[in-house]
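Engineer: My questions will all concern the structure given below.
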There are 2 protein chains.
Amino acid sequence: MFTLTKTDGSARLGLFSTPHGAVETPVFMNVATQAAIKGGLSALDLQAVGCQIVLCNTYHLHLRPGEDTVAKLGGLHGFMGWDRPMLTDSGGFQVFSLSKFRKITEEGVAFASHLDGRRIFLTPEGAAEIQLKLGADIFMALDECVGNPAPYDYVKRSAERTARWLERTALYLGGTRPGGPVCFGINQGGVYGDLRVDNMKRIAELNMPGYAVGGLAVGEEIPVMYHVLDVVTEHMPVDRPRYLMWVGTPENILEAVARGIDFFDCVMPARNARHGHLYTWRGRINLLNERYKEDCRPVDETCPCPLCKTHSRAYLRHLFKAGEILALRLGVLHNLTFYNTLMGRIRESLENGTFQALRTQYAGVLDGRAAV
Amino acid sequence: MFTLTKTDGSARLGLFSTPHGAVETPVFMNVATQAAIKGGLSALDLQAVGCQIVLCNTYHLHLRPGEDTVAKLGGLHGFMGWDRPMLTDSGGFQVFSLSKFRKITEEGVAFASHLDGRRIFLTPEGAAEIQLKLGADIFMALDECVGNPAPYDYVKRSAERTARWLERTALYLGGTRPGGPVCFGINQGGVYGDLRVDNMKRIAELNMPGYAVGGLAVGEEIPVMYHVLDVVTEHMPVDRPRYLMWVGTPENILEAVARGIDFFDCVMPARNARHGHLYTWRGRINLLNERYKEDCRPVDETCPCPLCKTHSRAYLRHLFKAGEILALRLGVLHNLTFYNTLMGRIRESLENGTFQALRTQYAGVLDGRAAV
């Protein structure tokens, strides 16, 4: 299911097959939280921005419209008109970040909907069942995501419970159906290397089709995140894809690829775009800046997106100033194109042995402010 | 410049040439108030919905980003990436509907920007100059739009002043440059037939390249609007296009075409779409209705828009309920496609002599609530 085609140090070039086609890795998953991409992008737009795989959120879709409705309408693929690979998260992260009330027990997590306060009890088995109804190709086991910093003892207890939840999930699923959807397990352990390694060793024994590193990019410093990756990836099965959840900036992605990560997702490119922050190969620019008022250049000369092919920085700035939704759409189209293009360049560099040069070329550039 | 190719009773099939290509009439102008279509549609999308000609608003663009900025960036065509015909209004209507303060004198109108209160004085000559800088193919003479009902005496004085403003505009422009932009005059006179006719006779003498009927769809009953059209069109030059401003519903358009109108514009299709009201050939449907929650059918089976080609009513309803911008975009794409398709069907029926049948077929249908 996962084929490693090349490596460069710890970095990996691979191919992951799903019921809706293969994904070339390293890959960035474009986030469609509620079965739509923020900024007004549809599934058709995602093809245009070079998206290989979409990520939808179980928490949101369980609350509205509900997995039974989605299932009746052809699953998420039919529902949103996307016929390529898709991943759903377990809802765990949103339970911990969005719901007003929550109580974790060994059995699962009780929480209140952020929409209407309705009480919901989510178990590892239930999370898997919901996601199977939603019809994703890859789904995630329920975990507890602990924000950093957190006390060692709590993180230890939590990571052990998350491991037991994964064991229950694996038992509930009873092995992988060939050609069917697959479940990834999630490594936890906060910023504590020993907990990360213990947890990873334990869940590796479950022989899951893929593993994620969760509980990062939730408050810790970036060097700490890189250190955790250095420590934990060593214990991740080489022949399974590795997914670093909710990461990150272009430079975070380059650094994590260098440490052996294959899958990424992050709301940052779309969120930044909605605030007028656009990526270029010379760094980010803030389109709200007065300096762009009569700038007739495209946001990035080399970018193939509809914004850069047709419109000037001045026009996009006008749209933001005028409060036009089109500003959000064009901005998101651009930033997602940038992220997907970045992943393509990373894969290309791994293919021809120039990844380290690419990494060096853009260190200190992509996350910074452009001089233009 | 305007070629009448066929007539059916008072209804007319025509072709109007502009510096950016010809427009087949009757035509609906798609409204891009601030050089963007509400709901996140770009110029590229307008091609896809079958738009022949875009309308932009001088008032908004004068305030932000300003006509000098637009001119530096290639005029409205270059600015928004649209290389086909375009019309700008004079700003008159927005002065009267949006600005917090206004004072009309013979010289022009003083008003305060609704954005920052800045005082602006707009003259007929100034309105023409601004629009020439914006670079539209067709621009409108400054008029006063009086809401209905209004006292006869005021409407009379106002219509006479608007006629004098048009005379000044024509003098300022000094005749039409062949192949250049053209200015349309606007007929006023409220709901008073005699004032409408007097005004129309007077401005017809100016030999403008086109004439609009303004001051309708601003408070009067629909039969009154039709009556005014019956009265005034008789006195409009046969060989010039006729533009009914801010009209209207699909049935309004059919009825106005039957009375000899060639150009239309209205924010209604986009505004309705943004509120979940979608047009079908069986009437309007309100997507927010619970009955569509699991409705897997397209909004309209015969519609070629991206919404109907790819997505179900249930998906669109979900997007509205979830507050996704994509709902607005897909809705506006659909309703504009519907309007442009309606105009295409009207032209086709005029071509093959079935316009009256089309008009009868949809009377009482298109503006009503669909039974599905």
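Residue names in the structure tokens use chain letters A, B, ... in the order shown, residue numbers from 1 in each chain, and ligand numbers from 1 in the order shown.
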Using only C-alpha atoms and a distance of at most 9 Å, pull out the residues of chain B that contact chain A, as a count of residues only.
Structural biologist: 41
Engineer: Report chain A as a tab-separated table (two decimals) with C-alpha atoms, in the first residue's frame in the frame of chain B, after least-squares superposition over all C-alpha atoms paired in order.
Structural biologist:
```tsv
chain	number	residue	atom	x	y	z
A	1	MET	CA	-23.29	50.43	-33.81
A	2	PHE	CA	-26.71	48.94	-32.96
A	3	THR	CA	-28.21	46.55	-35.48
A	4	LEU	CA	-31.78	45.38	-35.12
A	5	THR	CA	-31.88	41.93	-36.63
A	6	LYS	CA	-35.46	40.93	-35.88
A	7	THR	CA	-38.60	42.09	-34.09
A	8	ASP	CA	-41.62	40.30	-32.67
A	9	GLY	CA	-44.31	42.82	-31.79
A	10	SER	CA	-42.38	45.38	-29.76
A	11	ALA	CA	-39.70	42.85	-28.77
A	12	ARG	CA	-36.34	43.25	-30.49
A	13	LEU	CA	-33.37	41.05	-31.33
A	14	GLY	CA	-30.22	43.06	-31.88
A	15	LEU	CA	-26.47	43.39	-31.87
A	16	PHE	CA	-24.59	46.24	-30.19
A	17	SER	CA	-20.92	46.77	-31.01
A	18	THR	CA	-18.46	48.05	-28.43
A	19	PRO	CA	-14.68	48.54	-28.39
A	20	HIS	CA	-14.47	45.15	-26.65
A	21	GLY	CA	-16.73	43.18	-28.96
A	22	ALA	CA	-20.42	42.92	-29.74
A	23	VAL	CA	-23.29	42.21	-27.37
A	24	GLU	CA	-26.30	40.22	-28.50
A	25	THR	CA	-29.50	41.78	-27.19
A	26	PRO	CA	-31.73	41.42	-25.22
A	27	VAL	CA	-28.94	41.10	-22.68
A	28	PHE	CA	-28.59	40.99	-18.91
A	29	MET	CA	-25.56	42.82	-17.57
A	30	ASN	CA	-23.89	41.00	-14.71
A	31	VAL	CA	-23.16	43.39	-11.85
A	32	ALA	CA	-19.60	43.76	-10.55
A	33	THR	CA	-20.20	46.74	-8.25
A	34	GLN	CA	-16.63	47.16	-7.00
A	35	ALA	CA	-14.96	45.42	-9.97
A	36	ALA	CA	-15.83	42.03	-8.49
A	37	ILE	CA	-19.00	39.99	-8.45
A	38	LYS	CA	-20.54	39.44	-5.01
A	39	GLY	CA	-20.16	35.86	-3.88
A	40	GLY	CA	-16.54	35.55	-4.97
A	41	LEU	CA	-16.79	35.41	-8.76
A	42	SER	CA	-13.92	36.64	-10.88
A	43	ALA	CA	-13.89	37.71	-14.52
A	44	LEU	CA	-12.98	34.14	-15.46
A	45	ASP	CA	-16.12	32.87	-13.73
A	46	LEU	CA	-18.22	35.36	-15.67
A	47	GLN	CA	-17.17	33.78	-18.93
A	48	ALA	CA	-18.26	30.42	-17.54
A	49	VAL	CA	-21.73	31.67	-16.58
A	50	GLY	CA	-22.28	33.06	-20.08
A	51	CYS	CA	-21.98	36.73	-19.21
A	52	GLN	CA	-21.67	39.01	-22.25
A	53	ILE	CA	-21.28	42.34	-20.51
A	54	VAL	CA	-20.31	43.48	-17.02
A	55	LEU	CA	-21.60	46.51	-15.16
A	56	CYS	CA	-19.40	48.32	-12.63
A	57	ASN	CA	-20.34	51.16	-10.31
A	58	THR	CA	-18.67	54.53	-10.70
A	59	TYR	CA	-19.66	55.71	-7.23
A	60	HIS	CA	-17.92	52.81	-5.49
A	61	LEU	CA	-14.85	52.82	-7.73
A	62	HIS	CA	-14.45	56.59	-7.49
A	63	LEU	CA	-14.34	56.26	-3.71
A	64	ARG	CA	-12.11	53.17	-3.72
A	65	PRO	CA	-9.57	52.68	-5.27
A	66	GLY	CA	-10.22	55.82	-7.35
A	67	GLU	CA	-10.36	56.20	-11.13
A	68	ASP	CA	-6.73	57.35	-11.39
A	69	THR	CA	-5.51	54.14	-9.78
A	70	VAL	CA	-7.78	52.07	-12.01
A	71	ALA	CA	-6.54	53.97	-15.08
A	72	LYS	CA	-2.90	53.31	-14.14
A	73	LEU	CA	-3.69	49.60	-13.84
A	74	GLY	CA	-5.12	49.31	-17.35
A	75	GLY	CA	-8.63	50.62	-16.79
A	76	LEU	CA	-11.39	48.41	-15.47
A	77	HIS	CA	-10.71	45.81	-18.14
A	78	GLY	CA	-7.09	45.36	-17.15
A	79	PHE	CA	-7.85	45.88	-13.47
A	80	MET	CA	-10.36	43.08	-13.18
A	81	GLY	CA	-9.14	40.88	-16.03
A	82	TRP	CA	-12.22	41.18	-18.24
A	83	ASP	CA	-11.64	41.71	-21.96
A	84	ARG	CA	-15.23	41.84	-23.12
A	85	PRO	CA	-17.85	44.62	-23.08
A	86	MET	CA	-18.35	46.69	-19.95
A	87	LEU	CA	-20.73	49.41	-18.81
A	88	THR	CA	-20.34	51.79	-15.90
A	89	ASP	CA	-23.21	53.65	-14.32
A	90	SER	CA	-22.80	57.33	-13.53
A	91	GLY	CA	-22.82	56.99	-9.77
A	92	GLY	CA	-26.03	58.99	-9.60
A	93	PHE	CA	-28.13	56.17	-8.18
A	94	GLN	CA	-25.64	55.40	-5.40
A	95	VAL	CA	-25.31	59.08	-4.49
A	96	PHE	CA	-29.04	59.06	-3.87
A	97	SER	CA	-29.27	55.69	-2.18
A	98	LEU	CA	-26.04	55.31	-0.19
A	99	SER	CA	-24.55	58.65	0.77
A	100	LYS	CA	-25.49	60.15	4.11
A	101	PHE	CA	-25.74	63.70	2.88
A	102	ARG	CA	-26.55	65.14	-0.49
A	103	LYS	CA	-27.48	68.46	-2.00
A	104	ILE	CA	-28.55	68.85	-5.58
A	105	THR	CA	-28.00	72.09	-7.44
A	106	GLU	CA	-28.11	72.96	-11.09
A	107	GLU	CA	-24.36	72.52	-11.21
A	108	GLY	CA	-24.35	68.97	-9.83
A	109	VAL	CA	-24.68	67.01	-6.63
A	110	ALA	CA	-22.71	67.37	-3.41
A	111	PHE	CA	-22.58	64.28	-1.23
A	112	ALA	CA	-20.65	62.60	1.57
A	113	SER	CA	-18.89	59.29	1.01
A	114	HIS	CA	-20.63	56.47	2.87
A	115	LEU	CA	-17.14	55.15	3.69
A	116	ASP	CA	-15.51	58.07	5.42
A	117	GLY	CA	-17.83	61.06	5.14
A	118	ARG	CA	-15.51	62.83	2.70
A	119	ARG	CA	-17.41	65.55	0.78
A	120	ILE	CA	-17.52	65.10	-2.98
A	121	PHE	CA	-19.06	67.24	-5.69
A	122	LEU	CA	-20.14	65.39	-8.80
A	123	THR	CA	-21.07	67.23	-12.00
A	124	PRO	CA	-22.34	65.76	-15.25
A	125	GLU	CA	-18.99	66.55	-16.82
A	126	GLY	CA	-17.10	65.07	-13.88
A	127	ALA	CA	-19.16	61.86	-13.96
A	128	ALA	CA	-18.31	61.45	-17.65
A	129	GLU	CA	-14.63	62.16	-17.02
A	130	ILE	CA	-14.41	59.62	-14.19
A	131	GLN	CA	-16.04	56.97	-16.34
A	132	LEU	CA	-13.72	57.70	-19.27
A	133	LYS	CA	-10.80	57.14	-16.91
A	134	LEU	CA	-12.36	53.91	-15.65
A	135	GLY	CA	-12.38	52.86	-19.30
A	136	ALA	CA	-15.84	51.35	-19.77
A	137	ASP	CA	-17.22	50.74	-23.27
A	138	ILE	CA	-20.58	52.23	-22.38
A	139	PHE	CA	-21.00	54.88	-19.71
A	140	MET	CA	-24.03	56.61	-18.31
A	141	ALA	CA	-24.83	60.30	-18.08
A	142	LEU	CA	-25.40	61.67	-14.58
A	143	ASP	CA	-29.05	61.71	-13.56
A	144	GLU	CA	-31.13	62.15	-10.47
A	145	CYS	CA	-33.03	59.00	-9.62
A	146	VAL	CA	-36.19	59.95	-7.74
A	147	GLY	CA	-37.80	57.21	-5.66
A	148	ASN	CA	-41.49	56.49	-6.23
A	149	PRO	CA	-43.92	57.85	-5.21
A	150	ALA	CA	-42.79	61.47	-5.53
A	151	PRO	CA	-44.78	64.68	-6.09
A	152	TYR	CA	-45.46	65.58	-9.71
A	153	ASP	CA	-43.85	69.00	-9.38
A	154	TYR	CA	-40.63	67.66	-7.94
A	155	VAL	CA	-40.37	64.90	-10.54
A	156	LYS	CA	-40.96	67.47	-13.29
A	157	ARG	CA	-38.24	69.81	-12.04
A	158	SER	CA	-35.87	66.90	-11.47
A	159	ALA	CA	-36.43	65.34	-14.89
A	160	GLU	CA	-35.85	68.71	-16.56
A	161	ARG	CA	-32.61	69.16	-14.64
A	162	THR	CA	-31.50	65.63	-15.58
A	163	ALA	CA	-32.22	66.51	-19.22
A	164	ARG	CA	-30.08	69.66	-18.90
A	165	TRP	CA	-27.33	67.56	-17.30
A	166	LEU	CA	-27.46	65.23	-20.30
A	167	GLU	CA	-27.22	68.22	-22.64
A	168	ARG	CA	-24.13	69.36	-20.75
A	169	THR	CA	-22.71	65.82	-20.89
A	170	ALA	CA	-23.22	65.65	-24.67
A	171	LEU	CA	-21.62	69.07	-25.07
A	172	TYR	CA	-18.67	68.06	-22.89
A	173	LEU	CA	-18.12	64.88	-24.88
A	174	GLY	CA	-18.44	66.70	-28.21
A	175	GLY	CA	-19.77	63.80	-30.24
A	176	THR	CA	-18.93	60.14	-30.41
A	177	ARG	CA	-15.46	58.98	-31.41
A	178	PRO	CA	-15.80	56.09	-33.89
A	179	GLY	CA	-14.72	52.89	-32.17
A	180	GLY	CA	-14.49	54.56	-28.79
A	181	PRO	CA	-16.64	54.41	-25.69
A	182	VAL	CA	-20.19	55.73	-25.91
A	183	CYS	CA	-22.49	57.47	-23.47
A	184	PHE	CA	-26.14	56.55	-22.91
A	185	GLY	CA	-28.71	59.12	-21.79
A	186	ILE	CA	-31.25	58.36	-19.08
A	187	ASN	CA	-34.97	59.04	-19.29
A	188	GLN	CA	-36.66	60.17	-16.08
A	189	GLY	CA	-40.15	61.34	-15.16
A	190	GLY	CA	-41.25	59.00	-12.39
A	191	VAL	CA	-44.62	57.35	-12.91
A	192	TYR	CA	-46.02	60.32	-14.83
A	193	GLY	CA	-46.55	59.40	-18.47
A	194	ASP	CA	-46.56	62.99	-19.74
A	195	LEU	CA	-43.29	63.80	-17.97
A	196	ARG	CA	-41.70	60.60	-19.28
A	197	VAL	CA	-42.74	61.41	-22.84
A	198	ASP	CA	-41.68	65.08	-22.66
A	199	ASN	CA	-38.34	64.05	-21.24
A	200	MET	CA	-37.82	61.30	-23.79
A	201	LYS	CA	-38.64	63.57	-26.74
A	202	ARG	CA	-36.22	66.19	-25.46
A	203	ILE	CA	-33.27	63.85	-24.88
A	204	ALA	CA	-33.92	61.91	-28.12
A	205	GLU	CA	-32.87	65.08	-29.94
A	206	LEU	CA	-29.35	64.70	-28.52
A	207	ASN	CA	-28.87	61.65	-30.71
A	208	MET	CA	-27.19	59.61	-27.98
A	209	PRO	CA	-25.85	56.13	-28.91
A	210	GLY	CA	-28.33	54.58	-26.47
A	211	TYR	CA	-31.03	55.43	-23.96
A	212	ALA	CA	-31.89	54.09	-20.56
A	213	VAL	CA	-35.13	54.22	-18.63
A	214	GLY	CA	-34.19	55.13	-15.07
A	215	GLY	CA	-36.27	55.80	-11.98
A	216	LEU	CA	-38.23	52.56	-12.25
A	217	ALA	CA	-38.18	49.60	-9.87
A	218	VAL	CA	-37.74	52.19	-7.11
A	219	GLY	CA	-40.99	51.77	-5.20
A	220	GLU	CA	-43.80	51.72	-7.76
A	221	GLU	CA	-46.07	48.73	-8.38
A	222	ILE	CA	-45.05	46.39	-11.20
A	223	PRO	CA	-48.08	47.20	-13.43
A	224	VAL	CA	-47.15	50.88	-13.11
A	225	MET	CA	-43.63	50.07	-14.30
A	226	TYR	CA	-44.99	48.18	-17.30
A	227	HIS	CA	-47.35	51.08	-18.09
A	228	VAL	CA	-44.50	53.59	-18.03
A	229	LEU	CA	-42.56	51.33	-20.40
A	230	ASP	CA	-45.56	51.11	-22.74
A	231	VAL	CA	-45.81	54.88	-22.79
A	232	VAL	CA	-42.14	55.84	-23.07
A	233	THR	CA	-40.72	53.20	-25.42
A	234	GLU	CA	-42.98	54.52	-28.14
A	235	HIS	CA	-40.89	57.68	-28.11
A	236	MET	CA	-37.47	56.06	-27.88
A	237	PRO	CA	-35.41	56.00	-31.09
A	238	VAL	CA	-35.97	52.62	-32.75
A	239	ASP	CA	-32.36	52.40	-33.90
A	240	ARG	CA	-30.79	52.83	-30.46
A	241	PRO	CA	-30.51	50.28	-27.68
A	242	ARG	CA	-32.85	50.68	-24.73
A	243	TYR	CA	-31.69	49.92	-21.21
A	244	LEU	CA	-34.10	49.39	-18.32
A	245	MET	CA	-32.04	50.07	-15.20
A	246	TRP	CA	-32.10	47.83	-12.07
A	247	VAL	CA	-34.72	45.42	-13.48
A	248	GLY	CA	-35.50	42.79	-12.42
A	249	THR	CA	-37.10	39.40	-11.86
A	250	PRO	CA	-37.13	36.85	-14.69
A	251	GLU	CA	-40.76	37.70	-15.42
A	252	ASN	CA	-40.05	41.45	-15.28
A	253	ILE	CA	-37.40	40.86	-17.93
A	254	LEU	CA	-39.72	38.83	-20.17
A	255	GLU	CA	-42.36	41.55	-19.90
A	256	ALA	CA	-39.91	44.37	-20.53
A	257	VAL	CA	-38.45	42.57	-23.56
A	258	ALA	CA	-42.02	42.29	-24.83
A	259	ARG	CA	-42.16	46.09	-24.51
A	260	GLY	CA	-38.99	46.68	-26.52
A	261	ILE	CA	-36.18	46.76	-23.91
A	262	ASP	CA	-32.72	45.51	-24.91
A	263	PHE	CA	-30.43	45.92	-21.85
A	264	PHE	CA	-31.03	44.96	-18.23
A	265	ASP	CA	-29.08	44.90	-15.00
A	266	CYS	CA	-30.04	43.89	-11.49
A	267	VAL	CA	-28.37	42.81	-8.26
A	268	MET	CA	-31.28	40.47	-7.55
A	269	PRO	CA	-29.91	37.16	-8.88
A	270	ALA	CA	-26.71	37.51	-6.85
A	271	ARG	CA	-28.49	38.82	-3.77
A	272	ASN	CA	-31.12	36.09	-3.87
A	273	ALA	CA	-28.41	33.48	-4.25
A	274	ARG	CA	-26.62	34.78	-1.18
A	275	HIS	CA	-29.81	34.26	0.78
A	276	GLY	CA	-30.28	30.70	-0.48
A	277	HIS	CA	-32.94	31.54	-3.06
A	278	LEU	CA	-32.11	29.71	-6.28
A	279	TYR	CA	-33.88	29.97	-9.62
A	280	THR	CA	-35.15	26.96	-11.49
A	281	TRP	CA	-37.29	26.71	-14.61
A	282	ARG	CA	-40.16	25.73	-12.30
A	283	GLY	CA	-39.77	28.71	-10.00
A	284	ARG	CA	-37.52	29.66	-7.10
A	285	ILE	CA	-36.50	27.31	-4.32
A	286	ASN	CA	-35.24	28.25	-0.86
A	287	LEU	CA	-32.31	25.98	-0.16
A	288	LEU	CA	-32.49	26.67	3.58
A	289	ASN	CA	-35.72	24.67	3.70
A	290	GLU	CA	-35.49	21.45	5.73
A	291	ARG	CA	-37.04	19.51	2.81
A	292	TYR	CA	-33.76	19.76	0.90
A	293	LYS	CA	-31.63	18.26	3.68
A	294	GLU	CA	-31.22	14.91	1.93
A	295	ASP	CA	-32.26	15.94	-1.58
A	296	CYS	CA	-29.66	14.43	-3.87
A	297	ARG	CA	-30.98	16.18	-7.00
A	298	PRO	CA	-29.29	19.18	-8.58
A	299	VAL	CA	-30.97	22.55	-8.06
A	300	ASP	CA	-32.09	22.42	-11.70
A	301	GLU	CA	-31.67	19.32	-13.85
A	302	THR	CA	-31.18	21.30	-17.07
A	303	CYS	CA	-28.70	23.86	-15.72
A	304	PRO	CA	-25.10	23.75	-17.01
A	305	CYS	CA	-23.57	25.59	-14.02
A	306	PRO	CA	-20.85	24.06	-11.78
A	307	LEU	CA	-23.31	23.74	-8.89
A	308	CYS	CA	-25.88	21.76	-10.86
A	309	LYS	CA	-23.28	19.70	-12.74
A	310	THR	CA	-21.48	18.57	-9.58
A	311	HIS	CA	-23.44	19.11	-6.40
A	312	SER	CA	-26.76	18.21	-4.83
A	313	ARG	CA	-29.31	20.47	-3.19
A	314	ALA	CA	-28.39	18.75	0.07
A	315	TYR	CA	-24.72	19.73	-0.28
A	316	LEU	CA	-25.57	23.35	-1.05
A	317	ARG	CA	-27.96	23.46	1.89
A	318	HIS	CA	-25.21	22.06	4.12
A	319	LEU	CA	-22.82	24.78	2.94
A	320	PHE	CA	-25.38	27.48	3.79
A	321	LYS	CA	-26.09	25.96	7.20
A	322	ALA	CA	-22.37	25.59	7.91
A	323	GLY	CA	-21.72	29.22	6.94
A	324	GLU	CA	-19.30	28.30	4.16
A	325	ILE	CA	-18.52	31.02	1.62
A	326	LEU	CA	-18.67	28.32	-1.03
A	327	ALA	CA	-22.47	28.38	-0.61
A	328	LEU	CA	-22.56	31.99	-1.79
A	329	ARG	CA	-20.24	31.33	-4.69
A	330	LEU	CA	-22.08	28.26	-5.98
A	331	GLY	CA	-25.43	29.99	-5.51
A	332	VAL	CA	-24.36	33.10	-7.41
A	333	LEU	CA	-22.78	31.01	-10.18
A	334	HIS	CA	-26.12	29.25	-10.53
A	335	ASN	CA	-28.38	32.29	-10.48
A	336	LEU	CA	-26.22	34.24	-12.93
A	337	THR	CA	-26.09	31.20	-15.21
A	338	PHE	CA	-29.88	31.07	-14.96
A	339	TYR	CA	-30.27	34.74	-15.89
A	340	ASN	CA	-27.82	34.52	-18.78
A	341	THR	CA	-29.48	31.32	-19.99
A	342	LEU	CA	-32.87	33.04	-19.78
A	343	MET	CA	-31.56	35.84	-21.99
A	344	GLY	CA	-30.19	33.26	-24.43
A	345	ARG	CA	-33.57	31.55	-24.58
A	346	ILE	CA	-35.27	34.91	-25.15
A	347	ARG	CA	-32.91	35.72	-28.02
A	348	GLU	CA	-33.37	32.26	-29.50
A	349	SER	CA	-37.14	32.62	-29.32
A	350	LEU	CA	-36.95	36.00	-31.04
A	351	GLU	CA	-34.78	34.44	-33.72
A	352	ASN	CA	-37.27	31.67	-34.46
A	353	GLY	CA	-40.51	33.54	-33.81
A	354	THR	CA	-41.50	31.81	-30.56
A	355	PHE	CA	-41.00	34.66	-28.08
A	356	GLN	CA	-44.68	35.06	-27.27
A	357	ALA	CA	-44.93	31.33	-26.57
A	358	LEU	CA	-41.93	31.53	-24.24
A	359	ARG	CA	-43.43	34.52	-22.48
A	360	THR	CA	-46.74	32.69	-21.99
A	361	GLN	CA	-45.04	29.46	-20.93
A	362	TYR	CA	-43.25	31.09	-18.02
A	363	ALA	CA	-45.85	33.68	-16.95
A	364	GLY	CA	-46.62	33.04	-13.29
A	365	VAL	CA	-43.89	30.40	-13.07
A	366	LEU	CA	-40.38	31.86	-12.86
A	367	ASP	CA	-41.04	34.41	-10.11
A	368	GLY	CA	-43.06	31.96	-8.03
A	369	ARG	CA	-42.08	29.26	-5.62
A	370	ALA	CA	-41.24	25.93	-7.25
A	371	ALA	CA	-43.39	22.95	-6.32
A	372	VAL	CA	-40.23	20.83	-6.03
```
Engineer: From a DSSP pass on the backbone, collect the residues of segment 118-335 of chain B flagged as strand (DSSP E) and hand them back as a PyMOL selection string.
Structural biologist: chain B and resi 119-122+138-140+182-187+210-213+242-244+263-265+277-280+283-286
Engineer: Identify, with DSSP run on backbone atoms, the residues in segment 80-176 of chain A assigned to helix (DSSP H, G or I), and express the list as number ranges by chain.
Structural biologist: A: 80, 92-97, 124-134, 152-173
